[in-house]
Amino acid sequence: MTASENPFKAKRSWTQFRGKLGVGTFGAATYFILFCAVLIFGQIAYKGLPTFFKSEAPYVNTEFFTSNPEILRVWHDAEGNKFSMPDKDFDIWREKNPDAVILDPHALNYSAGGIAGPLVGTALLVFFCMIIALSIGISAAIYLSEYCGKGRIMSLIRLSILNLAGVPSIVFALFGWGIFCHAAPVIVDHVDERSLFAFSIGSSYLSFQGWGTSLLAGSCTLAIMVLPVIITACEESLRAVPGGFREASFALGSSQWQTIRKAVLPYALPGILTATVLGITRVAGETAPIMLTATSTDKTDMPMQALQNEGVWAFFTQSVQALPFHIYTLAKLPDDPLSKPMQNGATFAFLLLVMGFAFISIVLRNRVRKKLKW
Amino acid sequence: MLRFRLLYLQIPAVPADKPTNKPAPSFKGKRGLRLMGLNITTDGVVKGFFGGNAYLAILALLFICVFLLKSGLGFVPGYRVELSEARVSGIELTNRVRYELTGYKALLARVNQAFIAEKRYLFSDEESAIYLYEEFEALIDDEFEEDIEQYVDLDDGAEKEAASVKLRADIATACSTISEKQLLLSLARRLPDLKKISPEARQQALTLAQEYALNDAETPDAVAAISTRISQEMGTFNTAIQRIKSAGKPLSQLEATLTRQTEETDRILKLNRQTSGSILALEEGLKKAHKRDEPSETITAIEDRLKKSRGSFIEIDTEALIQPVYQAIQNHDLIVDTLVSELAAAFDTLPSEFENKQVTATINEARQLNGELAVIIAKQKENINAWRHDKDVNLSNALTAFFFGSEWQTGSPWQNVYGLMPLFTGSLLVASVSLLFAVPLAIGAALYVNQFAHKREAALIKPGIEFIQAIPSVVLGLFGVLVLAGLLKEWSHSPLLSWIPGFPITERLNVLLAALLLAFMAAPTIFTLAEDALNNVPKAFTEASLAMGATKLQTAIKVVLPASISGIIAAIMLGFGRVVGETMVVLMVAGNKAKIPEFSEGLGVVGQPVHTMTSIIAQEYGEVTEGSLHWQALFMVGLVLFTISLVINSTCQRVLNRKTR
């Protein structure tokens with residue numbers, strides 16, 4: 001054996017090469033998934049970002065975020081040049097130039113204006129949905145983790161809640177549509193023919209005829225859909241609080257409610273916050289439930305105006321525009337390059353919104369895990 | 001020392017003789033407000049509030065199951081009634097004849113396609129010229145639409161003659177100065193593939209257009225002359241196609257007669273059903289009105305409506321009405337036998353090979369359809385001869401008709417058929433193909449992240465892939481519609497990839513597109529759960545394997561993967577459940593055609609459009625009226641979805657929970 005030969009040098013063998021190849025394949029699979037995600041994200045961002053910006057001051061396309069979707073009018077002039085203008089501007093222009101030659105005029109729906117209405121509608125839906133879902137969900141989670149024991153019935157119920165988290169959203173949509181839109185109680189003076197059941201109180205009737213396509217129906221449907229997620233996540237965060245906290249509190253003579261209030265909840269709050277953001281992410285991105293129960297496409301006013309003009313009940317029973325549904329409507333438009341800015345811009349705005357919430361939830365979850373190491 | 005200590009520990013003495021009225025301290029708990037035998041303390045109220053919320057949540061979730069069941073199961077009796085009406089009126093029989101006719105029409109369409117292609121191949125310039133010319137005439141009609149309408153509205157007489165002359169003069173002036181560029185510009189909007197037409201054809205079309213102008217806006221003779229010449233030159237092909245067309249006429253007439261007879265019967269049956277329903281409701285209302293002592297005007301109003309309803313009930317004798325149907329169907333055997341022999345003869349006259357390969361392929365497809373048609377006709381002959389209008393339809397028939405029905409047709413003026421098979425196969429096909437793409441990627445990624453990646457790398461990759469789960473499905477659907485659909489269609493037409501079965505793809509929105517997007521959505525779910533399953537394999541396994549000298553790859557594939565196989569299968573099943581339940585992506589991208597895809601094309605079936613259970617609900621919810629059979633059918637589909645996802649989820653949860661213990 002010469003001095004330069006290293007007896008412990010690893011031998012290059014066929015097995016080793018195969019090993020590297022195998023690991024490489026798996027790595028390739030992983031990075032391929034991430035690559036597809038980056039590609040899709042990048043593509044949507046690349047096409048949608050121009051819609052956010054203008055070439056003149058103030059450089060951000062505020063019109064896009066503050067006006068409702070409008071019709072875009074397109075026409076040719078005598079030389080074959082193409083012109084396009086939002087509907088309202090077109091009427092003004094028409095009045096100013098009555099002699100202008102307009103050939104082959106046609107209208108593209110939703111291709112002008114902005115996404116203000118859908119944004120506000122989505123915000124309202126998510127807000128009311130989370131109010132309902134959190135109040136029921138957190139209370140239920142507190143009950144399940146603090147008050148009731150580990151009996152068989154309770155574990156069965158927990159299992160069923162977990163299973164219901166996996167039911168398709170369209171099933172919840174159907175349910176909400178059938179119950180809240182067509183069979184929910186409302187006080188009316190004149191009972192609709194399709195009412196399920198009605199009895200009179202005083203001069204009006206309490207009729208189970210549903211709220212129709214409304215903000216309330218949409219919020220309730222979304223709340224029911226997100227309830228299993230919230231209950232499970234909140235229960236998990238309550239369980240993560242060590243039992244010693246509760247025991248110490250009991251040992252000092254406090255009642256159960258005092259214990260929960262002072263020794264458990266404050267430490268479970270970060271986890272509950274994470275659960276909220278998780279819920280918001282899930283709810284903001286859902287289309288099917290609100291498609292069936294809350295949205296309509298031809299709305300010109302903002303939802304707040306109904307509150308000023310007609311009152312609280314009218315506010316809750318109005319149908320709203322919603323961003324996911326708006327994107328679905330945009331997808332059904334005929335293929336025309338003039339519609340593309342609006343399509344891509346709305347998609348990117350929505351993607352940013354939902355992924356923003358998702359990012360916050362991931363960051364919160366990591367912070368909670370890091371901080372709370374009892 | 002101890003004595004000093006004891007001095008400090010002076011326990012005050014309790015005088016023994018003082019009576020104490022205080023009761024012994026009770027450990028039963030605080031004493032609150034006593035009300036109706038209940039001890040209401042703050043704690044109790046709070047517990048009740050929380051418990052109430054928990055039970056509310058549980059009740060809400062139970063309510064979903066009950067509501068779906070109630071809404072859906074009302075469907076089966078209703079469908080039974082509709083099916084029995086369809087049988088009694090004879091619509092079921094007519095459907096069988098229609099099925100044969102559809103097969104014949106598909107065949108005729110293919111032969112026509114071949115004929116046109118052959119014509120275009122042999123006489124492409126003349127054909128294109130006539131095609132352009134016809135578009136040009138349509139353009140003129142559109143441009144002068146108002147004037148033509150005004151002209152048509154005029155009464156016959158001198159005024160009309162004058163208007164006719166003026167109209168033609170106007171059109172002639174407009175066309176006489178038309179240049180080729182203007183002609184093409186105007187036609188460009190109507191004909192997207194104008195550039196494919198040869199310059200000679202365009203020149204010929206231009207000549208015809210100018211002749212039209214010179215001819216006082218009448219179709220020039222040259223056009224008819226060209227058409228006749230082409231037909232003559234096509235010779236045998238022309239005769240064959242004429243023969244095929246005339247062979248199908250008796251069958252069309254039979255179908256028309258049957259439709260006419262059975263449609264009316266069915267309409268009256270349905271009307272009667274509605275009327276008897278409203279009669280019952282009005283009688284109920286009358287009884288309630290009497291009980292509530294409503295004013296006499298209301299009662300009279302109800303009685304009037306009741307009388308009208310009773311009057312509008314039409315008595316029909318279904319036995320008598322079905323006799324003409326039986327009569328008409330007696331010729332059926334003769335008609336279809338003649339059809340089969342005529343078709344065979346016509347196909348025999350056609351040459352087995354044409355110059356143009358595409359035409360040969362199409363004619364061969366037509367021959368295949370002919371063979372299939374013969375089989376269909378043989379089977380339908382049996383069914384038709386055995387058909388009786390008074391055979392009972394029971395609930396289990398209706399149930400089977402729903403679950404195994406091969407057609408889903410709604411909003412049809414003829415008959416609404418609710419069959420689950422097209423939707424179920426659509427869902428299954430899309431889910432299977434997407435899992436085909438997602439599972440290797442996701443399991444590979446899980447193995448890599450769990451076994452081979454460094455800790456820091458894994459800490460970056462895991463949240464990255466989980467981040468994908470939050471992407472809303474509408475966004476992916478829009479991406480698919482705008483970007484991926486075009487890309488996929490382009491790639492499928494490229495000659496490099498023509499070896500893949502099913503390429504080139506003709507439909508823009510199809511199963512493959514949906515499967516790709518769904519694979520992207522399902523991969524993170526499968527990845528997360530598979531990675532958890534791999535994590536739960538005891539470390540001792542890995543260590544023992546490495547100690548025996550296996551490499552990391554060998555350990556991963558031969559020790560860790562088999563040990564966690566049940567968790568991985570659960571992960572795959574949950575991914576499958578997620579994909580089956582996905583609505584928006586399939587709604588936007590899978591083509592929306594409620595028909596069982598043609599598995600005869602082999603793997604090419606992925607190029608076809610389908611409808612899934614989820615997307616049919618999302619698409620048709622706007623068209624239904626509350627409480628109608630269609631509404632209940634949608635709830636039945638929702639029920640099936642609910643059951644499938646519940647079964648998948650509960651099995652997987654059980655498997656996954658077992659492993660973590």
# chains A, B, ... in the order shown; residues from 1 in each chain; ligands from 1
>>> closest_atom_pairs(of="chain A", to="chain B", cutoff="6 Å", atoms="only C-alpha atoms", output="JSON lines")
{"residue": "A:Gly19", "atom": "CA", "partner": "B:Leu553", "partner_atom": "CA", "distance": 5.5}
{"residue": "A:Phe26", "atom": "CA", "partner": "B:Gly444", "partner_atom": "CA", "distance": 4.7}
{"residue": "A:Gly27", "atom": "CA", "partner": "B:Tyr448", "partner_atom": "CA", "distance": 5.8}
{"residue": "A:Ala29", "atom": "CA", "partner": "B:Leu441", "partner_atom": "CA", "distance": 5.1}
{"residue": "A:Thr30", "atom": "CA", "partner": "B:Ala445", "partner_atom": "CA", "distance": 4.2}
{"residue": "A:Ile136", "atom": "CA", "partner": "B:Asn53", "partner_atom": "CA", "distance": 5.4}
{"residue": "A:Ser139", "atom": "CA", "partner": "B:Phe50", "partner_atom": "CA", "distance": 4.8}
{"residue": "A:Ala140", "atom": "CA", "partner": "B:Ala54", "partner_atom": "CA", "distance": 3.7}
{"residue": "A:Tyr143", "atom": "CA", "partner": "B:Phe50", "partner_atom": "CA", "distance": 5.3}
{"residue": "A:Asn163", "atom": "CA", "partner": "B:Asn649", "partner_atom": "CA", "distance": 5.7}
{"residue": "A:Val167", "atom": "CA", "partner": "B:Ser645", "partner_atom": "CA", "distance": 5.7}
{"residue": "A:Pro168", "atom": "CA", "partner": "B:Gly581", "partner_atom": "CA", "distance": 4.6}
{"residue": "A:Val171", "atom": "CA", "partner": "B:Gly638", "partner_atom": "CA", "distance": 5.6}
{"residue": "A:Trp257", "atom": "CA", "partner": "B:Asp43", "partner_atom": "CA", "distance": 5.6}
{"residue": "A:Gly285", "atom": "CA", "partner": "B:Pro472", "partner_atom": "CA", "distance": 4.8}
{"residue": "A:Ala331", "atom": "CA", "partner": "B:Leu478", "partner_atom": "CA", "distance": 5.7}
>>> write_last_selection(atoms="all heavy atoms", output="JSON list (two decimals), in the first residue's frame")
[["chain", "number", "residue", "atom", "x", "y", "z"],
["A", 19, "GLY", "N", -28.17, 5.74, -6.23],
["A", 19, "GLY", "CA", -28.68, 6.46, -5.07],
["A", 19, "GLY", "C", -28.83, 7.93, -5.39],
["A", 19, "GLY", "O", -29.88, 8.54, -5.13],
["A", 26, "PHE", "N", -36.36, 12.52, -6.77],
["A", 26, "PHE", "CA", -37.31, 13.01, -5.76],
["A", 26, "PHE", "C", -37.18, 14.50, -5.57],
["A", 26, "PHE", "O", -38.16, 15.23, -5.43],
["A", 26, "PHE", "CB", -37.11, 12.28, -4.44],
["A", 26, "PHE", "CG", -37.46, 10.84, -4.51],
["A", 26, "PHE", "CD1", -36.61, 9.87, -4.00],
["A", 26, "PHE", "CD2", -38.64, 10.42, -5.10],
["A", 26, "PHE", "CE1", -36.94, 8.53, -4.07],
["A", 26, "PHE", "CE2", -38.97, 9.09, -5.17],
["A", 26, "PHE", "CZ", -38.12, 8.14, -4.65],
["A", 27, "GLY", "N", -35.91, 14.96, -5.54],
["A", 27, "GLY", "CA", -35.70, 16.41, -5.43],
["A", 27, "GLY", "C", -36.32, 17.13, -6.59],
["A", 27, "GLY", "O", -36.95, 18.19, -6.43],
["A", 29, "ALA", "N", -38.89, 16.20, -8.28],
["A", 29, "ALA", "CA", -40.35, 16.23, -8.10],
["A", 29, "ALA", "C", -40.74, 17.38, -7.18],
["A", 29, "ALA", "O", -41.67, 18.14, -7.48],
["A", 29, "ALA", "CB", -40.82, 14.90, -7.51],
["A", 30, "THR", "N", -39.99, 17.51, -6.07],
["A", 30, "THR", "CA", -40.31, 18.58, -5.12],
["A", 30, "THR", "C", -40.20, 19.93, -5.78],
["A", 30, "THR", "O", -41.11, 20.76, -5.71],
["A", 30, "THR", "CB", -39.32, 18.54, -3.94],
["A", 30, "THR", "OG1", -39.01, 17.20, -3.63],
["A", 30, "THR", "CG2", -39.90, 19.23, -2.74],
["A", 136, "ILE", "N", -69.82, 31.39, 17.69],
["A", 136, "ILE", "CA", -70.25, 30.02, 17.95],
["A", 136, "ILE", "C", -69.06, 29.10, 18.13],
["A", 136, "ILE", "O", -69.02, 28.27, 19.05],
["A", 136, "ILE", "CB", -71.14, 29.50, 16.80],
["A", 136, "ILE", "CG1", -72.35, 30.40, 16.61],
["A", 136, "ILE", "CG2", -71.60, 28.09, 17.08],
["A", 136, "ILE", "CD1", -73.29, 29.92, 15.54],
["A", 139, "SER", "N", -66.90, 29.48, 21.47],
["A", 139, "SER", "CA", -67.67, 28.97, 22.61],
["A", 139, "SER", "C", -67.74, 27.46, 22.58],
["A", 139, "SER", "O", -67.56, 26.80, 23.60],
["A", 139, "SER", "CB", -69.09, 29.54, 22.58],
["A", 139, "SER", "OG", -69.09, 30.87, 22.15],
["A", 140, "ALA", "N", -67.99, 26.92, 21.37],
["A", 140, "ALA", "CA", -68.08, 25.46, 21.27],
["A", 140, "ALA", "C", -66.74, 24.82, 21.61],
["A", 140, "ALA", "O", -66.68, 23.81, 22.32],
["A", 140, "ALA", "CB", -68.51, 25.06, 19.86],
["A", 143, "TYR", "N", -66.24, 24.83, 25.32],
["A", 143, "TYR", "CA", -67.04, 23.80, 25.95],
["A", 143, "TYR", "C", -66.42, 22.43, 25.75],
["A", 143, "TYR", "O", -66.26, 21.65, 26.69],
["A", 143, "TYR", "CB", -68.46, 23.81, 25.39],
["A", 143, "TYR", "CG", -69.36, 22.80, 26.04],
["A", 143, "TYR", "CD1", -69.89, 23.05, 27.30],
["A", 143, "TYR", "CD2", -69.65, 21.60, 25.43],
["A", 143, "TYR", "CE1", -70.70, 22.13, 27.92],
["A", 143, "TYR", "CE2", -70.46, 20.67, 26.04],
["A", 143, "TYR", "CZ", -70.98, 20.94, 27.28],
["A", 143, "TYR", "OH", -71.78, 20.01, 27.90],
["A", 163, "ASN", "N", -64.69, 15.26, 10.26],
["A", 163, "ASN", "CA", -65.08, 14.77, 8.95],
["A", 163, "ASN", "C", -65.81, 15.83, 8.16],
["A", 163, "ASN", "O", -65.66, 15.94, 6.95],
["A", 163, "ASN", "CB", -65.99, 13.55, 9.10],
["A", 163, "ASN", "CG", -65.20, 12.35, 9.54],
["A", 163, "ASN", "OD1", -64.00, 12.31, 9.38],
["A", 163, "ASN", "ND2", -65.88, 11.39, 10.12],
["A", 167, "VAL", "N", -66.07, 18.04, 3.78],
["A", 167, "VAL", "CA", -67.19, 17.98, 2.83],
["A", 167, "VAL", "C", -67.02, 19.06, 1.77],
["A", 167, "VAL", "O", -66.60, 20.16, 2.09],
["A", 167, "VAL", "CB", -68.51, 18.15, 3.60],
["A", 167, "VAL", "CG1", -69.66, 18.37, 2.65],
["A", 167, "VAL", "CG2", -68.76, 16.95, 4.46],
["A", 168, "PRO", "N", -67.33, 18.76, 0.51],
["A", 168, "PRO", "CA", -67.15, 19.76, -0.55],
["A", 168, "PRO", "C", -67.95, 21.02, -0.28],
["A", 168, "PRO", "O", -69.03, 20.97, 0.30],
["A", 168, "PRO", "CB", -67.68, 19.08, -1.81],
["A", 168, "PRO", "CG", -67.70, 17.65, -1.51],
["A", 168, "PRO", "CD", -67.79, 17.49, -0.06],
["A", 171, "VAL", "N", -71.67, 21.35, -1.36],
["A", 171, "VAL", "CA", -72.72, 20.75, -0.55],
["A", 171, "VAL", "C", -73.21, 21.76, 0.48],
["A", 171, "VAL", "O", -74.41, 21.92, 0.71],
["A", 171, "VAL", "CB", -72.20, 19.47, 0.15],
["A", 171, "VAL", "CG1", -73.25, 18.91, 1.07],
["A", 171, "VAL", "CG2", -71.82, 18.45, -0.89],
["A", 257, "TRP", "N", -65.17, 29.02, 35.49],
["A", 257, "TRP", "CA", -65.21, 30.14, 34.57],
["A", 257, "TRP", "C", -64.05, 31.09, 34.83],
["A", 257, "TRP", "O", -63.41, 31.60, 33.93],
["A", 257, "TRP", "CB", -66.55, 30.85, 34.70],
["A", 257, "TRP", "CG", -66.66, 32.13, 33.95],
["A", 257, "TRP", "CD1", -67.14, 33.30, 34.43],
["A", 257, "TRP", "CD2", -66.29, 32.40, 32.58],
["A", 257, "TRP", "NE1", -67.11, 34.27, 33.47],
["A", 257, "TRP", "CE2", -66.57, 33.73, 32.32],
["A", 257, "TRP", "CE3", -65.75, 31.63, 31.56],
["A", 257, "TRP", "CZ2", -66.35, 34.34, 31.11],
["A", 257, "TRP", "CZ3", -65.51, 32.23, 30.34],
["A", 257, "TRP", "CH2", -65.81, 33.58, 30.13],
["A", 285, "GLY", "N", -61.48, 32.77, -0.09],
["A", 285, "GLY", "CA", -61.20, 32.14, -1.37],
["A", 285, "GLY", "C", -62.34, 31.31, -1.92],
["A", 285, "GLY", "O", -62.26, 30.81, -3.04],
["A", 331, "ALA", "N", -64.22, 35.17, -16.35],
["A", 331, "ALA", "CA", -63.68, 34.03, -17.08],
["A", 331, "ALA", "C", -64.62, 33.59, -18.19],
["A", 331, "ALA", "O", -64.19, 33.01, -19.18],
["A", 331, "ALA", "CB", -63.43, 32.87, -16.13]]
>>> residues_around(residues="region 235-240 of chain A", least_positions_apart="2", cutoff="8 Å", atoms="only C-alpha atoms", output="list of chain:residue names")
A:Ala141, A:Ile142, A:Leu144, A:Ser145, A:Ile231, A:Thr232, A:Ala233, A:Pro242, A:Val264, A:Leu265, A:Ala268, A:Gly271, A:Ile272
>>> write_last_selection(atoms="C-alpha atoms", output="mmCIF file, in the first residue's frame")
data_model
loop_
_atom_site.group_PDB
_atom_site.id
_atom_site.type_symbol
_atom_site.label_atom_id
_atom_site.label_comp_id
_atom_site.auth_asym_id
_atom_site.auth_seq_id
_atom_site.Cartn_x
_atom_site.Cartn_y
_atom_site.Cartn_z
ATOM 1 C CA ALA A 141 -64.329 24.879 21.433
ATOM 2 C CA ILE A 142 -64.207 26.111 25.039
ATOM 3 C CA LEU A 144 -65.521 20.799 24.199
ATOM 4 C CA SER A 145 -62.101 21.248 25.743
ATOM 5 C CA ILE A 231 -63.696 24.605 16.279
ATOM 6 C CA THR A 232 -60.875 22.158 15.602
ATOM 7 C CA ALA A 233 -58.166 24.824 15.517
ATOM 8 C CA PRO A 242 -50.689 22.984 29.912
ATOM 9 C CA VAL A 264 -56.423 29.494 29.959
ATOM 10 C CA LEU A 265 -57.882 31.935 27.445
ATOM 11 C CA ALA A 268 -54.730 30.373 24.021
ATOM 12 C CA GLY A 271 -53.717 30.219 18.727
ATOM 13 C CA ILE A 272 -57.267 31.504 18.420
#
>>> residues_around(residues="region 202-205 of chain B", least_positions_apart="5", cutoff="9 Å", atoms="only C-alpha atoms", output="list in words")
Asp125, Glu126, Ser128, Ala129, Ile130, Tyr131, Leu132, Tyr133, Phe136, Glu180, Leu184, Ile197 and Gln210 of chain B
>>> closest_residue(among="A:Ala107, A:Cys129, A:Ile157, A:Ala116", to="Pro69 (chain A)", atoms="only C-alpha atoms")
A:Ala116
>>> select_by_dssp(residues="region 481-568 of chain B", states="alpha helix (DSSP H)", output="PyMOL selection string")
chain B and resi 485-493+511-535+539-547+552-555+561-563+565-568
>>> residues_around(residues="Asp153 (chain B)", least_positions_apart="6", cutoff="12 Å", atoms="only C-alpha atoms", output="PyMOL selection string")
chain B and resi 146-147+159-160+163-164
>>> residues_around(residues="region 387-399 of chain B", least_positions_apart="2", cutoff="7 Å", atoms="only C-alpha atoms", output="CSV table (one decimal) with N, CA, C and O atoms, in the first residue's frame")
chain,number,residue,atom,x,y,z
B,76,VAL,N,-87.2,10.7,-5.4
B,76,VAL,CA,-87.4,9.3,-6.0
B,76,VAL,C,-88.9,9.1,-6.4
B,76,VAL,O,-89.2,8.7,-7.5
B,77,PRO,N,-89.9,9.4,-5.4
B,77,PRO,CA,-91.3,9.2,-5.8
B,77,PRO,C,-91.6,10.1,-7.0
B,77,PRO,O,-92.4,9.7,-7.9
B,79,TYR,N,-89.7,11.2,-9.4
B,79,TYR,CA,-89.2,10.7,-10.7
B,79,TYR,C,-89.9,9.5,-11.1
B,79,TYR,O,-90.1,9.3,-12.4
B,80,ARG,N,-90.4,8.7,-10.2
B,80,ARG,CA,-91.2,7.5,-10.6
B,80,ARG,C,-92.4,8.0,-11.3
B,80,ARG,O,-92.8,7.4,-12.3
B,84,SER,N,-93.3,7.0,-15.2
B,84,SER,CA,-94.5,6.2,-15.6
B,84,SER,C,-95.4,7.0,-16.5
B,84,SER,O,-95.9,6.5,-17.4
B,87,ARG,N,-93.9,6.5,-19.8
B,87,ARG,CA,-94.2,5.2,-20.4
B,87,ARG,C,-95.6,5.2,-20.9
B,87,ARG,O,-95.9,4.7,-22.1
B,88,VAL,N,-96.6,5.7,-20.1
B,88,VAL,CA,-98.0,5.6,-20.5
B,88,VAL,C,-98.2,6.4,-21.8
B,88,VAL,O,-99.0,6.0,-22.6
B,90,GLY,N,-96.1,7.0,-24.2
B,90,GLY,CA,-95.4,6.4,-25.3
B,90,GLY,C,-94.1,7.1,-25.6
B,90,GLY,O,-93.4,6.8,-26.6
B,383,ASN,N,-86.3,-4.4,-28.2
B,383,ASN,CA,-86.9,-3.6,-27.1
B,383,ASN,C,-88.3,-3.1,-27.6
B,383,ASN,O,-89.2,-3.1,-26.8
B,384,ILE,N,-88.3,-2.6,-28.8
B,384,ILE,CA,-89.5,-2.0,-29.3
B,384,ILE,C,-90.6,-3.0,-29.4
B,384,ILE,O,-91.8,-2.8,-29.1
B,385,ASN,N,-90.3,-4.2,-29.9
B,385,ASN,CA,-91.3,-5.2,-30.1
B,385,ASN,C,-91.8,-5.7,-28.7
B,385,ASN,O,-93.0,-6.1,-28.6
B,401,ALA,N,-83.0,4.1,-12.3
B,401,ALA,CA,-82.9,5.0,-13.4
B,401,ALA,C,-82.1,6.2,-13.0
B,401,ALA,O,-81.4,6.8,-13.9
B,402,PHE,N,-82.1,6.7,-11.8
B,402,PHE,CA,-81.3,7.8,-11.4
B,402,PHE,C,-79.8,7.4,-11.3
B,402,PHE,O,-79.0,8.1,-11.8
B,403,PHE,N,-79.5,6.3,-10.5
B,403,PHE,CA,-78.1,6.0,-10.3
B,403,PHE,C,-77.4,5.5,-11.5
B,403,PHE,O,-76.2,5.7,-11.6
>>> residues_around(residues="region 94-104 of chain A", least_positions_apart="4", cutoff="8 Å", atoms="only C-alpha atoms", output="PyMOL selection string")
chain A and resi 75-78+90
>>> atom_distance(atom1="CA of Thr236 (chain B)", atom2="CA of Ser198 (chain B)")
27.6 Å
>>> closest_residue(among="B:Glu143, B:Asp221, B:Glu92, B:Glu118", to="Ala174 (chain B)", atoms="only C-alpha atoms")
B:Glu143
>>> residues_around(residues="Ser254 (chain A)", least_positions_apart="4", cutoff="12 Å", atoms="only C-alpha atoms", output="list in words")
Phe245, Arg246, Glu247, Ala248, Ser249, Phe250, Gln258, Thr259, Ile260, Arg261, Lys262 and Ala263 of chain A; Gly29, Lys30 and Asp43 of chain B
>>> atom_distance(atom1="CA of Gly166 (chain A)", atom2="CA of Phe576 (chain B)")
11.3 Å
>>> decode(residues="region 515-526 of chain B", atoms="N, CA, C and O atoms", output="mmCIF file, in the first residue's frame")
data_model
loop_
_atom_site.group_PDB
_atom_site.id
_atom_site.type_symbol
_atom_site.label_atom_id
_atom_site.label_comp_id
_atom_site.auth_asym_id
_atom_site.auth_seq_id
_atom_site.Cartn_x
_atom_site.Cartn_y
_atom_site.Cartn_z
ATOM 1 N N ALA B 515 -57.633 18.062 -15.200
ATOM 2 C CA ALA B 515 -56.829 17.153 -14.385
ATOM 3 C C ALA B 515 -55.494 17.781 -14.015
ATOM 4 O O ALA B 515 -55.022 17.623 -12.888
ATOM 5 N N LEU B 516 -54.887 18.516 -14.957
ATOM 6 C CA LEU B 516 -53.606 19.145 -14.647
ATOM 7 C C LEU B 516 -53.749 20.156 -13.517
ATOM 8 O O LEU B 516 -52.964 20.177 -12.572
ATOM 9 N N LEU B 517 -54.779 21.012 -13.632
ATOM 10 C CA LEU B 517 -54.972 22.021 -12.591
ATOM 11 C C LEU B 517 -55.310 21.375 -11.252
ATOM 12 O O LEU B 517 -54.824 21.789 -10.205
ATOM 13 N N LEU B 518 -56.159 20.339 -11.278
ATOM 14 C CA LEU B 518 -56.531 19.684 -10.038
ATOM 15 C C LEU B 518 -55.354 18.955 -9.419
ATOM 16 O O LEU B 518 -55.242 18.872 -8.191
ATOM 17 N N ALA B 519 -54.462 18.430 -10.270
ATOM 18 C CA ALA B 519 -53.271 17.780 -9.734
ATOM 19 C C ALA B 519 -52.440 18.793 -8.958
ATOM 20 O O ALA B 519 -51.939 18.505 -7.873
ATOM 21 N N PHE B 520 -52.341 19.993 -9.525
ATOM 22 C CA PHE B 520 -51.604 21.046 -8.841
ATOM 23 C C PHE B 520 -52.243 21.384 -7.503
ATOM 24 O O PHE B 520 -51.559 21.684 -6.529
ATOM 25 N N MET B 521 -53.580 21.306 -7.425
ATOM 26 C CA MET B 521 -54.258 21.621 -6.172
ATOM 27 C C MET B 521 -54.171 20.496 -5.167
ATOM 28 O O MET B 521 -54.137 20.728 -3.974
ATOM 29 N N ALA B 522 -54.174 19.248 -5.655
ATOM 30 C CA ALA B 522 -54.214 18.116 -4.732
ATOM 31 C C ALA B 522 -52.838 17.775 -4.205
ATOM 32 O O ALA B 522 -52.716 17.207 -3.119
ATOM 33 N N ALA B 523 -51.783 18.112 -4.969
ATOM 34 C CA ALA B 523 -50.437 17.712 -4.560
ATOM 35 C C ALA B 523 -50.068 18.194 -3.158
ATOM 36 O O ALA B 523 -49.523 17.413 -2.377
ATOM 37 N N PRO B 524 -50.342 19.474 -2.779
ATOM 38 C CA PRO B 524 -49.969 19.869 -1.417
ATOM 39 C C PRO B 524 -50.688 19.083 -0.338
ATOM 40 O O PRO B 524 -50.088 18.748 0.691
ATOM 41 N N THR B 525 -51.973 18.768 -0.565
ATOM 42 C CA THR B 525 -52.707 17.991 0.435
ATOM 43 C C THR B 525 -52.052 16.634 0.639
ATOM 44 O O THR B 525 -51.760 16.224 1.767
ATOM 45 N N ILE B 526 -51.806 15.936 -0.494
ATOM 46 C CA ILE B 526 -51.200 14.614 -0.403
ATOM 47 C C ILE B 526 -49.813 14.725 0.220
ATOM 48 O O ILE B 526 -49.421 13.899 1.053
#
